[in-house]
>>> print(open('protein.txt').read())   # compact mmCIF, C-alpha atoms
# COMPACT_ATOMS: atom_id res chain seq x y z
CA MET A 1380 -46.88 60.84 -7.51
CA LEU A 1381 -48.10 57.25 -7.46
CA ILE A 1382 -47.12 56.82 -11.11
CA THR A 1383 -43.67 58.25 -10.39
CA LEU A 1384 -43.33 55.82 -7.49
CA ILE A 1385 -44.37 52.86 -9.70
CA ILE A 1386 -41.92 53.91 -12.42
CA ALA A 1387 -39.17 54.27 -9.80
CA VAL A 1388 -39.91 50.80 -8.35
CA ILE A 1389 -39.90 49.20 -11.82
CA GLY A 1390 -36.71 51.07 -12.72
CA PHE A 1391 -34.93 50.06 -9.54
CA SER A 1392 -36.01 46.42 -9.81
CA SER A 1393 -34.74 46.18 -13.40
CA ILE A 1394 -31.42 47.81 -12.40
CA TYR A 1395 -31.20 45.39 -9.45
CA LYS A 1396 -31.81 42.43 -11.78
CA LYS A 1397 -29.17 43.71 -14.19
CA ILE A 1398 -26.66 44.16 -11.35
CA THR A 1399 -27.38 40.64 -10.04
CA THR A 1400 -26.87 39.12 -13.49
CA LEU A 1401 -23.65 41.08 -14.03
CA ARG A 1402 -22.28 40.03 -10.63
CA LYS A 1403 -23.12 36.39 -11.41
CA ASP A 1404 -21.39 36.63 -14.82
CA ILE A 1405 -18.35 38.32 -13.26
CA LYS A 1406 -18.12 35.58 -10.63
CA SER A 1407 -18.20 32.78 -13.21
CA SER A 1408 -15.82 34.69 -15.49
CA GLN A 1409 -13.41 35.23 -12.59
CA GLU A 1410 -13.55 31.52 -11.74
CA GLU A 1411 -12.79 30.65 -15.36
CA VAL A 1412 -9.89 33.12 -15.45
CA ASP A 1413 -8.49 31.63 -12.23
CA LEU A 1414 -8.74 28.12 -13.70
CA LEU A 1415 -7.05 29.18 -16.92
CA LYS A 1416 -4.32 30.98 -14.93
CA GLU A 1417 -3.69 27.79 -12.93
CA ARG A 1418 -3.69 25.71 -16.10
CA LEU A 1419 -1.28 28.10 -17.80
CA THR A 1420 1.07 28.06 -14.78
CA SER A 1421 1.07 24.23 -14.83
CA LEU A 1422 1.75 24.14 -18.55
CA LYS A 1423 4.57 26.70 -18.32
CA GLN A 1424 6.08 24.70 -15.48
CA ALA A 1425 5.76 21.51 -17.55
CA GLU A 1426 7.45 23.28 -20.46
CA THR A 1427 10.44 24.21 -18.29
CA GLU A 1428 10.64 20.62 -17.01
CA SER A 1429 11.11 19.41 -20.62
CA ILE A 1430 7.94 17.37 -20.60
CA SER A 1431 8.56 16.07 -24.14
CA ASP A 1432 11.63 14.15 -22.92
CA SER A 1433 9.60 12.74 -20.04
CA ALA A 1434 6.85 11.74 -22.48
CA VAL A 1435 9.39 9.73 -24.51
CA ASN A 1436 10.75 8.19 -21.32
CA VAL A 1437 7.37 7.02 -20.01
CA SER A 1438 6.27 5.86 -23.46
CA LEU A 1439 9.31 3.59 -23.64
CA ALA A 1440 8.52 2.22 -20.18
CA LEU A 1441 4.86 1.63 -20.97
CA PRO A 1442 4.35 1.56 -24.73
CA SER A 1443 1.04 1.93 -26.50
CA LYS A 1444 1.39 -1.35 -28.40
CA ASN A 1445 2.37 -4.91 -27.55
CA PRO A 1446 6.13 -4.68 -26.75
CA ALA A 1447 6.83 -8.43 -26.97
CA LEU A 1448 9.39 -8.05 -29.77
CA PHE A 1449 11.29 -5.33 -27.92
CA VAL A 1450 11.20 -7.46 -24.78
CA ALA A 1451 12.55 -10.47 -26.69
CA SER A 1452 15.31 -8.26 -28.08
CA GLN A 1453 16.08 -6.89 -24.61
CA ILE A 1454 16.22 -10.42 -23.18
CA ARG A 1455 18.66 -11.48 -25.89
CA ALA A 1456 20.86 -8.43 -25.35
CA ILE A 1457 21.03 -8.82 -21.56
CA ALA A 1458 21.56 -12.60 -21.81
CA GLN A 1459 24.46 -11.90 -24.17
CA GLU A 1460 25.91 -9.32 -21.76
CA ASN A 1461 25.82 -11.90 -18.96
CA ALA A 1462 27.17 -14.80 -21.01
CA LEU A 1463 23.97 -16.81 -20.62
CA SER A 1464 22.48 -19.25 -23.10
CA ILE A 1465 18.83 -18.86 -23.98
CA THR A 1466 17.27 -22.32 -24.15
CA GLU A 1467 13.79 -21.09 -25.05
CA LEU A 1468 11.93 -17.85 -25.64
CA ILE A 1469 8.15 -18.03 -25.86
CA ILE A 1470 5.82 -15.11 -26.46
CA ASP A 1471 2.39 -16.31 -25.51
CA ASN A 1472 -0.08 -13.92 -27.06
CA ARG A 1473 -3.00 -16.13 -26.13
CA LEU A 1474 -2.34 -15.32 -22.51
CA SER A 1475 -2.28 -11.57 -23.00
CA GLN A 1476 -4.63 -9.99 -20.58
CA SER A 1477 -6.63 -6.95 -21.38
CA ARG A 1478 -7.65 -5.26 -18.18
CA ALA A 1479 -9.83 -2.58 -19.71
CA ASP A 1480 -11.75 -2.31 -16.49
CA GLU A 1481 -8.55 -1.70 -14.51
CA GLU A 1482 -7.22 1.44 -16.14
CA SER A 1483 -6.71 -0.40 -19.47
CA VAL A 1484 -3.28 -1.93 -18.89
CA SER A 1485 -2.72 -5.03 -21.00
CA SER A 1486 0.03 -7.61 -20.72
CA VAL A 1487 1.57 -10.47 -22.64
CA ASN A 1488 3.46 -13.42 -21.16
CA VAL A 1489 7.05 -13.83 -22.27
CA THR A 1490 8.78 -16.99 -21.03
CA VAL A 1491 12.53 -17.29 -21.21
CA GLY A 1492 14.66 -20.34 -20.48
CA LEU A 1493 18.25 -19.64 -19.46
CA MET A 1494 21.31 -21.69 -18.76
CA GLY A 1495 24.46 -20.50 -17.02
CA ASP A 1496 25.98 -19.37 -13.78
CA TYR A 1497 23.64 -18.50 -10.86
CA THR A 1498 25.23 -15.09 -10.32
CA GLN A 1499 24.84 -14.24 -13.99
CA ILE A 1500 21.20 -15.36 -13.96
CA ALA A 1501 20.62 -13.13 -10.91
CA LYS A 1502 22.32 -10.24 -12.74
CA MET A 1503 20.14 -10.81 -15.79
CA ILE A 1504 16.98 -10.81 -13.68
CA GLU A 1505 18.14 -7.55 -12.06
CA GLY A 1506 18.94 -6.13 -15.50
CA LEU A 1507 15.47 -6.93 -16.83
CA LYS A 1508 13.91 -5.50 -13.68
CA THR A 1509 15.47 -2.14 -14.49
CA SER A 1510 14.76 -2.08 -18.20
CA LYS A 1511 12.21 -0.49 -20.47
CA PRO A 1512 9.54 -1.66 -21.43
CA LEU A 1513 8.51 -2.55 -17.90
CA LEU A 1514 8.35 -6.22 -17.01
CA SER A 1515 6.84 -8.02 -14.04
CA ILE A 1516 7.91 -11.49 -12.96
CA ASN A 1517 4.98 -13.87 -13.17
CA GLU A 1518 6.80 -17.10 -12.32
CA LEU A 1519 10.39 -18.04 -11.75
CA THR A 1520 12.22 -21.33 -11.22
CA ILE A 1521 15.97 -21.83 -11.02
CA GLU A 1522 17.36 -25.34 -10.72
CA LYS A 1523 20.88 -26.63 -10.43
CA SER A 1524 21.70 -29.21 -13.05
CA ASN A 1525 25.20 -30.69 -12.82
CA ASN A 1526 27.44 -27.66 -12.41
CA THR A 1527 25.22 -25.21 -14.19
CA TYR A 1528 21.86 -23.56 -13.47
CA GLU A 1529 18.73 -23.69 -15.55
CA ALA A 1530 16.17 -20.95 -15.13
CA ALA A 1531 12.65 -20.58 -16.49
CA ILE A 1532 11.19 -17.14 -16.00
CA THR A 1533 7.79 -15.98 -17.15
CA TYR A 1534 7.53 -12.22 -17.46
CA LYS A 1535 4.53 -10.06 -18.05
CA ALA A 1536 5.24 -7.31 -20.55
CA HIS A 1537 2.83 -4.41 -20.24
CA TRP A 1538 1.35 -1.90 -22.62
CA SER A 1539 -1.54 0.52 -22.61
CA SER A 1540 -3.35 2.61 -25.20
CA LEU A 1541 -2.68 6.34 -25.27
CA PRO A 1542 -5.14 8.83 -23.77
CA ALA A 1543 -7.56 9.82 -26.53
CA THR A 1544 -8.70 13.24 -25.36
CA LEU A 1545 -7.35 16.31 -23.64
CA PRO A 1546 -9.21 17.58 -20.57
CA SER A 1547 -11.76 20.34 -21.25
CA ILE A 1548 -10.29 23.84 -21.36
CA ASN A 1549 -12.39 24.75 -18.31
CA LYS A 1550 -10.90 21.98 -16.19
CA PRO A 1551 -7.72 22.41 -14.18
CA VAL A 1552 -4.50 20.61 -15.16
CA SER A 1553 -2.22 20.03 -12.23
CA PRO A 1554 1.57 20.00 -12.62
CA LEU A 1555 3.61 16.87 -11.87
CA THR A 1556 3.60 15.98 -8.19
CA SER A 1557 6.77 15.05 -6.30
CA SER A 1558 5.85 11.33 -6.33
CA GLU A 1559 5.29 11.48 -10.10
CA LYS A 1560 8.68 13.17 -10.51
CA GLN A 1561 10.24 10.40 -8.41
CA ILE A 1562 8.85 7.76 -10.78
CA LEU A 1563 10.14 9.76 -13.76
CA GLN A 1564 13.55 9.96 -12.12
CA LEU A 1565 13.49 6.20 -11.47
CA LEU A 1566 12.59 5.49 -15.09
CA THR A 1567 15.53 7.54 -16.39
CA THR A 1568 17.84 5.02 -14.70
CA TYR A 1569 16.18 2.11 -16.53
CA LYS A 1570 17.86 0.72 -19.61
CA GLU A 1571 16.12 1.20 -22.95
CA ALA A 1572 15.34 -1.71 -25.23
CA SER A 1573 17.16 -1.76 -28.51
CA LEU A 1574 16.55 -4.13 -31.35
CA VAL A 1575 19.44 -6.53 -31.70
CA ASP A 1576 20.69 -7.02 -35.26
CA VAL A 1577 20.67 -10.63 -36.22
CA SER A 1578 23.12 -10.89 -39.09
CA ALA A 1579 22.41 -13.66 -41.54
CA LEU A 1580 25.11 -16.25 -41.81
CA ALA A 1581 27.00 -16.04 -45.09
CA PRO A 1582 26.96 -19.25 -47.12
CA GLN A 1583 30.12 -21.18 -46.47
CA GLU A 1584 32.00 -23.08 -49.08
CA ILE A 1585 33.07 -26.43 -47.84
CA THR A 1586 36.42 -27.30 -49.25
CA ASP A 1587 37.94 -30.78 -49.42
CA ARG A 1588 34.52 -32.32 -49.37
CA PRO A 1589 34.61 -35.86 -50.79
CA ASP A 1590 32.37 -36.36 -53.80
CA PRO A 1591 29.84 -39.03 -52.75
CA PHE A 1592 29.27 -40.02 -56.39
CA SER A 1593 32.87 -40.54 -57.32
CA PRO A 1594 33.73 -44.10 -58.17
CA LEU A 1595 35.15 -46.16 -55.37
CA GLN A 1596 38.81 -46.69 -55.60
CA MET B 1284 -46.76 96.41 0.09
CA ALA B 1285 -48.72 93.57 -1.40
CA THR B 1286 -51.70 92.33 0.51
CA LYS B 1287 -52.67 88.67 0.77
CA ILE B 1288 -56.24 88.19 -0.48
CA ASN B 1289 -57.96 84.82 -0.01
CA LEU B 1290 -60.63 84.39 -2.60
CA LEU B 1291 -61.81 81.00 -1.32
CA PRO B 1292 -64.79 80.83 0.96
CA GLU B 1293 -63.95 80.61 4.64
CA GLN B 1294 -65.35 77.05 5.03
CA LEU B 1295 -63.01 75.74 2.29
CA ALA B 1296 -59.92 77.28 3.80
CA VAL B 1297 -57.15 74.74 4.68
CA GLY B 1298 -56.62 74.22 8.35
CA GLU B 1299 -53.31 75.09 9.91
CA GLU B 1300 -52.60 71.43 10.86
CA LEU B 1301 -53.31 70.12 7.37
CA ASP B 1302 -51.08 72.79 6.00
CA LYS B 1303 -48.31 71.55 8.30
CA ILE B 1304 -48.81 67.91 7.18
CA THR B 1305 -48.77 68.94 3.55
CA GLY B 1306 -45.53 70.75 4.18
CA ILE B 1307 -44.00 67.66 5.81
CA ILE B 1308 -45.17 65.47 2.91
CA LYS B 1309 -43.67 67.90 0.42
CA ILE B 1310 -40.34 67.83 2.27
CA ALA B 1311 -40.48 64.00 2.50
CA ILE B 1312 -41.20 63.74 -1.20
CA GLY B 1313 -38.33 66.08 -1.90
CA ILE B 1314 -35.96 64.07 0.27
CA LEU B 1315 -37.21 60.83 -1.28
CA ALA B 1316 -36.74 62.22 -4.77
CA ALA B 1317 -33.23 63.37 -3.93
CA VAL B 1318 -32.35 60.00 -2.38
CA SER B 1319 -33.90 58.19 -5.35
CA PHE B 1320 -31.94 60.29 -7.73
CA PHE B 1321 -28.76 59.68 -5.77
CA VAL B 1322 -29.42 55.92 -5.62
CA ALA B 1323 -30.27 55.86 -9.32
CA VAL B 1324 -27.00 57.62 -10.18
CA LEU B 1325 -25.10 55.18 -7.94
CA ALA B 1326 -26.88 52.15 -9.46
CA VAL B 1327 -26.20 53.29 -13.02
CA SER B 1328 -22.54 53.98 -12.18
CA TYR B 1329 -22.22 50.60 -10.49
CA THR B 1330 -23.83 48.88 -13.49
CA PHE B 1331 -21.41 50.71 -15.76
CA TYR B 1332 -18.47 49.63 -13.58
CA LEU B 1333 -19.69 45.99 -13.54
CA THR B 1334 -20.12 45.97 -17.32
CA LYS B 1335 -16.55 47.28 -17.74
CA GLU B 1336 -15.26 44.71 -15.25
CA LEU B 1337 -17.03 41.89 -17.13
CA ASP B 1338 -15.55 43.10 -20.41
CA ARG B 1339 -12.08 43.16 -18.84
CA LEU B 1340 -12.51 39.63 -17.49
CA ASN B 1341 -13.79 38.37 -20.83
CA GLN B 1342 -10.76 39.89 -22.57
CA GLU B 1343 -8.44 38.36 -19.95
CA ASN B 1344 -10.24 35.03 -20.38
CA ALA B 1345 -9.79 35.10 -24.16
CA SER B 1346 -6.13 35.99 -23.79
CA TYR B 1347 -5.50 33.10 -21.35
CA LYS B 1348 -7.41 30.70 -23.60
CA GLN B 1349 -5.18 31.71 -26.49
CA SER B 1350 -2.05 31.15 -24.38
CA VAL B 1351 -3.35 27.74 -23.26
CA VAL B 1352 -4.11 26.74 -26.86
CA SER B 1353 -0.60 27.82 -27.93
CA LEU B 1354 0.79 25.36 -25.34
CA GLU B 1355 -1.34 22.48 -26.60
CA SER B 1356 1.64 20.25 -27.44
CA THR B 1357 3.00 20.73 -23.90
CA GLU B 1358 -0.45 19.91 -22.57
CA GLN B 1359 -0.58 16.73 -24.65
CA GLY B 1360 2.81 15.76 -23.22
CA LEU B 1361 1.73 16.50 -19.67
CA VAL B 1362 -1.50 14.51 -20.04
CA LEU B 1363 0.43 11.60 -21.57
CA VAL B 1364 3.08 11.65 -18.83
CA LYS B 1365 0.46 11.77 -16.09
CA ASP B 1366 -1.53 8.93 -17.67
CA ARG B 1367 1.57 6.72 -18.13
CA ILE B 1368 2.91 7.45 -14.63
CA GLN B 1369 -0.43 6.53 -13.07
CA LYS B 1370 -0.41 3.20 -14.92
CA ILE B 1371 3.28 2.57 -14.25
CA GLN B 1372 2.61 3.15 -10.56
CA THR B 1373 -0.11 0.46 -10.72
CA ILE B 1374 2.35 -1.96 -12.35
CA LEU B 1375 5.12 -1.19 -9.84
CA ASP B 1376 2.70 -1.62 -6.94
CA SER B 1377 1.64 -5.04 -8.26
CA GLN B 1378 5.22 -6.39 -8.49
CA GLN B 1379 4.95 -8.72 -5.50
CA ASN B 1380 7.22 -11.39 -7.03
CA GLU B 1381 10.03 -8.86 -7.45
CA ALA B 1382 9.81 -8.15 -3.71
CA LEU B 1383 10.05 -11.90 -2.97
CA LEU B 1384 13.03 -12.16 -5.30
CA GLY B 1385 14.67 -9.28 -3.43
CA LYS B 1386 14.22 -11.24 -0.19
CA GLN B 1387 15.81 -14.31 -1.76
CA LYS B 1388 18.72 -12.13 -2.84
CA THR B 1389 19.12 -10.83 0.73
CA ILE B 1390 19.58 -14.46 1.85
CA THR B 1391 21.93 -15.46 -0.98
CA ASP B 1392 24.06 -12.40 -0.15
CA PHE B 1393 24.75 -14.08 3.21
CA PHE B 1394 26.21 -17.16 1.52
CA ASP B 1395 29.90 -17.96 2.00
CA GLU B 1396 31.97 -19.89 -0.52
CA THR B 1397 30.80 -23.29 0.81
CA THR B 1398 27.10 -22.45 0.33
CA SER B 1399 25.24 -22.45 -2.96
CA VAL B 1400 21.70 -22.28 -4.33
CA GLU B 1401 20.34 -25.65 -5.35
CA ASP B 1402 16.87 -24.64 -6.38
CA SER B 1403 14.84 -21.45 -6.31
CA SER B 1404 11.26 -20.77 -7.27
CA ILE B 1405 8.63 -18.08 -7.08
CA VAL B 1406 5.31 -19.50 -8.18
CA GLN B 1407 1.89 -18.04 -7.41
CA GLY B 1408 3.21 -15.83 -4.64
CA SER B 1409 5.10 -18.62 -2.93
CA SER B 1410 8.85 -18.19 -2.68
CA ARG B 1411 11.07 -21.20 -2.03
CA LEU B 1412 14.86 -21.45 -1.81
CA GLU B 1413 16.87 -24.64 -1.46
CA LEU B 1414 20.52 -24.33 -0.58
CA LYS B 1415 23.42 -26.66 0.00
CA THR B 1416 26.49 -26.31 2.13
CA THR B 1417 29.32 -28.61 3.03
CA ASN B 1418 29.88 -26.94 6.35
CA SER B 1419 27.58 -26.99 9.41
CA GLN B 1420 29.20 -23.80 10.69
CA SER B 1421 28.19 -22.00 7.48
CA LEU B 1422 24.65 -23.24 7.94
CA ALA B 1423 24.54 -22.01 11.55
CA SER B 1424 26.05 -18.67 10.53
CA LEU B 1425 23.48 -18.29 7.74
CA ILE B 1426 20.57 -18.96 10.10
CA THR B 1427 22.00 -16.44 12.58
CA GLN B 1428 22.30 -13.80 9.86
CA ILE B 1429 18.71 -14.42 8.74
CA ILE B 1430 17.51 -14.05 12.34
CA GLU B 1431 19.52 -10.85 12.75
CA SER B 1432 18.00 -9.34 9.63
CA LYS B 1433 14.45 -10.36 10.56
CA ASN B 1434 13.12 -6.91 9.68
CA ASP B 1435 13.76 -7.67 6.01
CA PHE B 1436 11.32 -10.58 6.03
CA SER B 1437 7.72 -11.10 7.06
CA LYS B 1438 8.35 -14.78 7.67
CA VAL B 1439 11.05 -17.33 6.85
CA ASN B 1440 10.15 -20.98 7.36
CA ILE B 1441 12.74 -23.74 7.36
CA SER B 1442 10.69 -26.50 5.75
CA ASN B 1443 13.49 -29.06 5.65
CA ILE B 1444 17.10 -29.62 6.74
CA SER B 1445 18.89 -32.79 5.70
CA PHE B 1446 22.42 -34.13 5.71
CA SER B 1447 24.11 -36.46 3.28
CA PRO B 1448 27.71 -37.57 3.79
CA PHE B 1449 28.26 -37.10 0.01
CA SER B 1450 26.71 -33.70 -0.67
CA GLY B 1451 26.62 -32.13 2.80
CA TYR B 1452 23.79 -30.12 4.33
CA SER B 1453 20.67 -29.19 2.45
CA MET B 1454 18.10 -26.64 3.69
CA ASN B 1455 14.74 -25.61 2.26
CA LEU B 1456 13.44 -22.14 3.05
CA ILE B 1457 10.01 -20.70 2.41
CA ILE B 1458 10.39 -16.93 2.33
CA ASN B 1459 7.65 -14.33 2.73
>>> encode(input="protein.txt", output="structure tokens")
Amino acid sequence: MLITLIIAVIGFSSIYKKITTLRKDIKSSQEEVDLLKERLTSLKQAETESISDSAVNVSLALPSKNPALFVASQIRAIAQENALSITELIIDNRLSQSRADEESVSSVNVTVGLMGDYTQIAKMIEGLKTSKPLLSINELTIEKSNNTYEAAITYKAHWSSLPATLPSINKPVSPLTSSEKQILQLLTTYKEASLVDVSALAPQEITDRPDPFSPLQ
Amino acid sequence: MATKINLLPEQLAVGEELDKITGIIKIAIGILAAVSFFVAVLAVSYTFYLTKELDRLNQENASYKQSVVSLESTEQGLVLVKDRIQKIQTILDSQQNEALLGKQKTITDFFDETTSVEDSSIVQGSSRLELKTTNSQSLASLITQIIESKNDFSKVNISNISFSPFSGYSMNLIIN
């Protein structure tokens, strides 16, 4: 009887251990399934929200590489739209700041000198404020000179490297929040940069040009 | 009729009380065995159920993982968008000079045809606006409008007002 009792105790304890392990495994498996379900829901939602278009939109606003050339092109295009003369355009790469410690956003200083009407300068500043790539005003001076205005504006053009890894499959991915959607919506209203074609001037033939070596008459 | 014959000596015969206890023990063992058997059947069934449940969850898990992997490009897009938006938010939040420029624009929107900007600057967080007007009434009206829209500004300082019979009134504002 004692042996039977010992066998029963051993049997029950091993079954109890097995049950405990199974319950623990089921709990962790259930948690993983819940996480994956949540992740899948977020991804399906992102797919319906045409996330690829949004990715293009945000990448234009904050590119992965120095956007100085696009910014210069954008400045030229908007200055042309507003009938303003560009007196100088300086891209100062030496002043580019790499803020790796602050979420790795870098910036380069782009200084533009403008000449024209005050209203047009204001329109240009507004136009650049709502353009992609994103610009921040670093310094601005506008002075009246005779009947025209001269402006010197230093912008910071931003860029940031792309995320290198995807989150682990066991980590949740949340869908876009309402504030994130608001920023996306705002960015869709911003004007995209386009490279301005600078056509080379065709050589001109100068007619009726006096020959400097012809004998004096 | 069969007769009961006890072959054991009288002194070895089991007492009536001991017989009763033995009977109780036998019943207890029987009950215990039955309960043990019942519990064992339950435990084995429960283990079987848990094993099946774990298998089902593992299959579900694998199926979800496959679905997630098939949406990898969407995931890349989502991660990129979230990363960019977070950084764009930081940039937008740091645009203090744009806010100062907006305040300058609020003031220049009050200008009438006799008032014009002479000089404007935003340098190191300090916003300054110099204006000229040929009319004192325009100047008074402008100051009234600025006072009325005080909620748009933290502070507007008039650092200088001057008058010249040739160019009219000149006013320097420091806007915050």
>>> atom_distance(input="protein.txt", atom1="atom CA of A:Gly1506", atom2="atom CA of A:Val1435")
20.6 Å
>>> residues_around(input="protein.txt", residues="B:Lys1415", least_positions_apart="4", cutoff="9 Å", atoms="only C-alpha atoms", output="PyMOL selection string")
chain B and resi 1397-1401+1422+1450-1454
>>> write_last_selection(input="protein.txt", atoms="C-alpha atoms", output="compact mmCIF listing (two decimals), in the coordinates of the input")
# COMPACT_ATOMS: atom_id res chain seq x y z
CA THR B 1397 30.80 -23.29 0.81
CA THR B 1398 27.10 -22.45 0.33
CA SER B 1399 25.24 -22.45 -2.96
CA VAL B 1400 21.70 -22.28 -4.33
CA GLU B 1401 20.34 -25.65 -5.35
CA LEU B 1422 24.65 -23.24 7.94
CA SER B 1450 26.71 -33.70 -0.67
CA GLY B 1451 26.62 -32.13 2.80
CA TYR B 1452 23.79 -30.12 4.33
CA SER B 1453 20.67 -29.19 2.45
CA MET B 1454 18.10 -26.64 3.69
>>> closest_residue(input="protein.txt", among="A:Ser1452, A:Ser1486, A:Ser1429, A:Thr1520", to="chain B", atoms="only C-alpha atoms")
A:Thr1520
>>> residues_around(input="protein.txt", residues="B:Gln1349", least_positions_apart="6", cutoff="12 Å", atoms="all atoms listed in the file", output="count of residues only")
7
>>> residues_around(input="protein.txt", residues="B:Ser1409", least_positions_apart="4", cutoff="8 Å", atoms="all atoms listed in the file", output="number ranges by chain")
B: 1404-1405, 1457-1459
>>> interface_residues(input="protein.txt", of="chain B", to="chain A", cutoff="8 Å", atoms="only C-alpha atoms", output="PyMOL selection string")
chain B and resi 1319+1323+1326-1327+1329-1330+1333-1334+1336-1337+1340-1341+1343-1344+1347-1348+1350-1351+1354+1357-1368+1370-1372+1374+1378+1380-1381+1400-1407
>>> atom_distance(input="protein.txt", atom1="atom CA of B:Thr1417", atom2="atom CA of B:Glu1396")
9.8 Å
>>> atom_distance(input="protein.txt", atom1="atom CA of A:Leu1565", atom2="atom CA of A:Leu1463")
26.9 Å
>>> closest_residue(input="protein.txt", among="A:Lys1396, A:Lys1403, A:Lys1550, A:Lys1511", to="A:Phe1449", atoms="only C-alpha atoms")
A:Lys1511
>>> residues_around(input="protein.txt", residues="A:Ser1464", least_positions_apart="4", cutoff="7 Å", atoms="only C-alpha atoms", output="number ranges by chain")
A: 1458, 1493-1495
>>> residues_near_point(input="protein.txt", point="(17.2, -17.7, 0.4)", cutoff="8 Å", atoms="all atoms listed in the file", output="PDB file with C-alpha atoms, in the frame of the given file")
ATOM      1  CA  LYS B1386      14.220 -11.240  -0.190  1.00  0.00           C
ATOM      2  CA  GLN B1387      15.810 -14.310  -1.760  1.00  0.00           C
ATOM      3  CA  LYS B1388      18.720 -12.130  -2.840  1.00  0.00           C
ATOM      4  CA  THR B1389      19.120 -10.830   0.730  1.00  0.00           C
ATOM      5  CA  ILE B1390      19.580 -14.460   1.850  1.00  0.00           C
ATOM      6  CA  THR B1391      21.930 -15.460  -0.980  1.00  0.00           C
ATOM      7  CA  VAL B1400      21.700 -22.280  -4.330  1.00  0.00           C
ATOM      8  CA  ARG B1411      11.070 -21.200  -2.030  1.00  0.00           C
ATOM      9  CA  LEU B1412      14.860 -21.450  -1.810  1.00  0.00           C
ATOM     10  CA  GLU B1413      16.870 -24.640  -1.460  1.00  0.00           C
ATOM     11  CA  LEU B1414      20.520 -24.330  -0.580  1.00  0.00           C
ATOM     12  CA  LEU B1456      13.440 -22.140   3.050  1.00  0.00           C
ATOM     13  CA  ILE B1458      10.390 -16.930   2.330  1.00  0.00           C
TER      14      ILE B1458
END
>>> closest_residue(input="protein.txt", among="A:Thr1490, A:Ser1510, A:Ser1557, A:Thr1568", to="A:Tyr1534", atoms="all atoms listed in the file")
A:Thr1490
>>> axis_aligned_box(input="protein.txt", around="stretch 1326-1333 of chain B", padding_each_side="6 Å", output="lines of an AutoDock Vina configuration file")
center_x = -22.7
center_y = 50.0
center_z = -12.6
size_x = 20.4
size_y = 20.0
size_z = 18.3
>>> residues_near_point(input="protein.txt", point="(18.5, -19.0, 11.6)", cutoff="12 Å", atoms="only C-alpha atoms", output="count of residues only")
23
>>> decode(input="protein.txt", residues="stretch 1399-1434 of chain A", atoms="C-alpha atoms", output="PDB file, in the first residue's frame")
ATOM      1  CA  THR A1399       2.125  23.856 -14.873  1.00  0.00           C
ATOM      2  CA  THR A1400       4.606  23.902 -17.764  1.00  0.00           C
ATOM      3  CA  LEU A1401       1.820  23.573 -20.337  1.00  0.00           C
ATOM      4  CA  ARG A1402      -0.179  26.399 -18.742  1.00  0.00           C
ATOM      5  CA  LYS A1403       2.929  28.609 -18.731  1.00  0.00           C
ATOM      6  CA  ASP A1404       3.606  27.814 -22.415  1.00  0.00           C
ATOM      7  CA  ILE A1405      -0.035  28.467 -23.318  1.00  0.00           C
ATOM      8  CA  LYS A1406       0.066  31.814 -21.510  1.00  0.00           C
ATOM      9  CA  SER A1407       3.198  32.970 -23.352  1.00  0.00           C
ATOM     10  CA  SER A1408       1.867  31.598 -26.652  1.00  0.00           C
ATOM     11  CA  GLN A1409      -1.432  33.423 -26.137  1.00  0.00           C
ATOM     12  CA  GLU A1410       0.436  36.663 -25.395  1.00  0.00           C
ATOM     13  CA  GLU A1411       2.466  36.235 -28.572  1.00  0.00           C
ATOM     14  CA  VAL A1412      -0.678  35.531 -30.606  1.00  0.00           C
ATOM     15  CA  ASP A1413      -2.334  38.653 -29.155  1.00  0.00           C
ATOM     16  CA  LEU A1414       0.723  40.746 -30.058  1.00  0.00           C
ATOM     17  CA  LEU A1415       0.823  39.357 -33.584  1.00  0.00           C
ATOM     18  CA  LYS A1416      -2.937  39.954 -33.963  1.00  0.00           C
ATOM     19  CA  GLU A1417      -2.459  43.583 -32.881  1.00  0.00           C
ATOM     20  CA  ARG A1418       0.508  43.973 -35.217  1.00  0.00           C
ATOM     21  CA  LEU A1419      -1.435  42.461 -38.113  1.00  0.00           C
ATOM     22  CA  THR A1420      -4.412  44.764 -37.458  1.00  0.00           C
ATOM     23  CA  SER A1421      -2.074  47.797 -37.469  1.00  0.00           C
ATOM     24  CA  LEU A1422      -0.417  46.674 -40.677  1.00  0.00           C
ATOM     25  CA  LYS A1423      -3.738  45.995 -42.421  1.00  0.00           C
ATOM     26  CA  GLN A1424      -4.950  49.423 -41.329  1.00  0.00           C
ATOM     27  CA  ALA A1425      -1.711  50.981 -42.626  1.00  0.00           C
ATOM     28  CA  GLU A1426      -2.208  49.160 -45.931  1.00  0.00           C
ATOM     29  CA  THR A1427      -5.697  50.635 -46.337  1.00  0.00           C
ATOM     30  CA  GLU A1428      -4.337  54.100 -45.501  1.00  0.00           C
ATOM     31  CA  SER A1429      -1.933  53.819 -48.487  1.00  0.00           C
ATOM     32  CA  ILE A1430       1.150  54.030 -46.324  1.00  0.00           C
ATOM     33  CA  SER A1431       3.477  53.917 -49.346  1.00  0.00           C
ATOM     34  CA  ASP A1432       2.178  57.325 -50.505  1.00  0.00           C
ATOM     35  CA  SER A1433       2.665  58.691 -47.003  1.00  0.00           C
ATOM     36  CA  ALA A1434       6.202  57.267 -46.952  1.00  0.00           C
TER      37      ALA A1434
END
